[in-house]
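What follows is a set of notes on a single structure, which appears directly below.
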Amino acid sequence: MSETYDLIILGSGSTAFAAALRATSYGARVLMFEKSVLGGTCINWGCIPSKTLIHAALFRHEAHLGGMIGLNTENDNTSIDAERLFKHRETVVTRLRKERYLDVLAGMKGLEMIKGTARFRDARTVECDGHLYLSERFLIATGGNPRIPNLPGLDKCSYYTSRSALLLKKLPASLVIIGGGVIAVEMGQMYHRLGCNVTILEHGPRLLPAIEPELSASLQDILEKEGIRVVTGARISRADRLGELNVLSADVNGTLQEFSCEKLLLAVGTVPATADIGLDAAGVALDSRGFIITDRQMRSSVDGIWAAGDVVGNMMIATIGAKEGIVAVDDMFKQGCGCAIDYLAAPMAIFTDPEVAMVGHSEESARQAGFDCIVNCMPVSAIPKAHVTGMTDGVIKMVADRVTGRLLGVSLVCHRGADMINEAALALQLHATVTDIAATMHVYPSIGEGLKLCAQGFNRDITMLSCCAE
């Protein structure tokens, strides 16, 4: 007994849902499979719970900053009602899961979901609980899982992954984070602001190795000024459990050191959820890390099978996964559309405080792409509004083509940087030049004015500009 659909999707997260909604707009009959919780990582264990707690931690931090300028409060600012805080997190997740997923699923004609694991029998058939489902089109959007490093002694230790760290009910007194990427800096700062003693161990020479070095250095300085211990060049050799503490042994730039803590947080990347779904039976090619290989139309190596989201291992953020899913569906149902994913046009942000954000080329990637580029890197302290808010840490970096002045990329560490980067993304999409940005009127005083000032800095000394000057 089998049933046929216009499109079958493995997964039910933000990538899968964006693709499913796009497909129903073409009149397709769509079936989704989900083995875990509806909504996937972003709504349940990623974006939503993490940003909810990050924002809560910001309240506590800003209350402390207010006290430094005379805005003292009578209440004790040091205590945290963890039970109430984590209940708030669950309330936000539950509400958004219902509104953005369950209600949409219930009201969407042509969209069905089955709870269970679908496995390919061949390139046109999947099986779930003994039933067969057929289609000429499949989208694999199964996402990924936190990677567990092969570290001797880790099995003795008490540790969190990026997923379980957002589900805990009690705050640890001390936390050592293995890894120096996005999850490490976001959660490290969050838990520090909630009262944990935090140490970040990064095996490389700097935090966030994928971003511009000026941004990495600025963020590390900011985190260290807050009281977070950042250790780079830390090659961890083993883990152990001594009494109530976890102990890590590491070679730090040639010196053996030990780090102890109540809890460990493993933040060493993502592995694709490609195991046990029958990709070998379908003939889908994987790279050396297990991610599905796709082209810019999100086509896999097998005709009729597309893949999108974390399972393909590109930019692992919800908006990119959703866009990949939409590109895949357009390619399926609108043949000849020329639809393709453009990662350079995609803005992304890291939700530390201040936020890290970027779009387009870095200086290095621009040069590798063959551009003769010019660069301006400006301190956030050059923005008048930064002194109003007291948020003067950070940098803004612009990369442009030397001959035409066309903007090639923007990277920044700045208060409200996640909002600012959208203007930069629009400028890139419209092929604007730095002269165009420099001549664009901005609200004064505003943090967004930093983009204009940085653009002006290509050919003017911005320290010689008066307030509101063009």
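Chain identifiers are assigned as A, B, and so on, following the order in which chains appear in the structure tokens; residues are numbered from 1 within each chain, and ligands are numbered from 1 in order of appearance.
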
Helix (DSSP H, G or I) positions in stretch 240-379 of chain A, given as a PyMOL selection string: chain A and resi 279-282+309-312+318-333+343-345+363-368

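By chain and then residue number, the residues within 7 Å of stretch 283-290 of chain A are Pro272, Thr274, Leu279, Asp280, Ile293, Ser300, Ser301 and Val302 of chain A, counting only C-alpha atoms and disregarding those fewer than 3 positions away in sequence.
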
At most 8 Å is the cut-off: for each residue in stretch 177-241 of chain A with any atom that close to an atom of stretch 335-354 of chain A, write down the nearest atom pair and the distance in Å rounded to one decimal, counting only C-alpha atoms, chain first then increasing number, as CSV.
```
residue,atom,partner,partner_atom,distance
A:Val182,CA,A:Ile350,CA,6.4
A:Val185,CA,A:Thr352,CA,6.8
A:Glu186,CA,A:Thr352,CA,5.1
A:Gln189,CA,A:Thr352,CA,6.9
```

Based on the selection just made, write C-alpha atoms of those residues as an mmCIF file, in the first residue's frame.
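Listing of part-v2.cif after writing:
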```cif
data_model
loop_
_atom_site.group_PDB
_atom_site.id
_atom_site.type_symbol
_atom_site.label_atom_id
_atom_site.label_comp_id
_atom_site.auth_asym_id
_atom_site.auth_seq_id
_atom_site.Cartn_x
_atom_site.Cartn_y
_atom_site.Cartn_z
ATOM 1 C CA VAL A 182 28.997 31.562 17.634
ATOM 2 C CA VAL A 185 30.314 33.623 22.572
ATOM 3 C CA GLU A 186 26.522 33.998 22.653
ATOM 4 C CA GLN A 189 28.125 36.081 27.611
#
```

May I ask which of the residues A:Cys196, A:Leu207, A:Ala23, A:Ile9 is the closest one to A:Ile228, counting only C-alpha atoms? A:Cys196

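Among the candidates A:Ile396, A:Leu194, A:Leu10, A:Cys157, the one nearest to A:Ala82 when counting only C-alpha atoms is A:Leu194.
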
Excluding same-chain residues fewer than 5 positions from A:Ala438, what lies within 12 Å of it counting only C-alpha atoms, as a ChimeraX atom specification? /A:398,405,407,427,432-433,449-460,462,469-470

Output C-alpha atoms of each residue in that selection to a file, as an mmCIF file, in the first residue's frame.
```
data_model
loop_
_atom_site.group_PDB
_atom_site.id
_atom_site.type_symbol
_atom_site.label_atom_id
_atom_site.label_comp_id
_atom_site.auth_asym_id
_atom_site.auth_seq_id
_atom_site.Cartn_x
_atom_site.Cartn_y
_atom_site.Cartn_z
ATOM 1 C CA MET A 398 33.652 48.303 4.933
ATOM 2 C CA GLY A 405 33.731 52.430 -5.247
ATOM 3 C CA LEU A 407 30.350 48.302 -1.780
ATOM 4 C CA ALA A 427 23.032 48.665 -0.361
ATOM 5 C CA ALA A 432 25.505 51.021 -4.137
ATOM 6 C CA THR A 433 28.884 52.700 -3.847
ATOM 7 C CA GLU A 449 24.722 56.798 11.265
ATOM 8 C CA GLY A 450 27.824 54.678 11.758
ATOM 9 C CA LEU A 451 27.446 53.237 8.249
ATOM 10 C CA LYS A 452 27.436 56.721 6.748
ATOM 11 C CA LEU A 453 30.450 57.792 8.787
ATOM 12 C CA CYS A 454 32.389 54.677 7.812
ATOM 13 C CA ALA A 455 31.602 55.320 4.135
ATOM 14 C CA GLN A 456 32.682 58.952 4.498
ATOM 15 C CA GLY A 457 35.929 57.738 6.038
ATOM 16 C CA PHE A 458 37.140 56.377 2.700
ATOM 17 C CA ASN A 459 38.044 59.880 1.554
ATOM 18 C CA ARG A 460 37.567 62.214 4.531
ATOM 19 C CA ILE A 462 35.656 62.000 9.988
ATOM 20 C CA ALA A 469 27.722 67.548 8.710
ATOM 21 C CA GLU A 470 27.472 66.175 5.215
#
```

Please indicate the distance in Å from atom CA of A:Met316 to atom CA of A:His431, rounded to one decimal place. 25.7 Å

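Considering the residues A:Gly67, A:Gly46, A:Gly360, A:Gly153 and counting only C-alpha atoms, A:Ala400 has its shortest atom-to-atom contact with A:Gly360.
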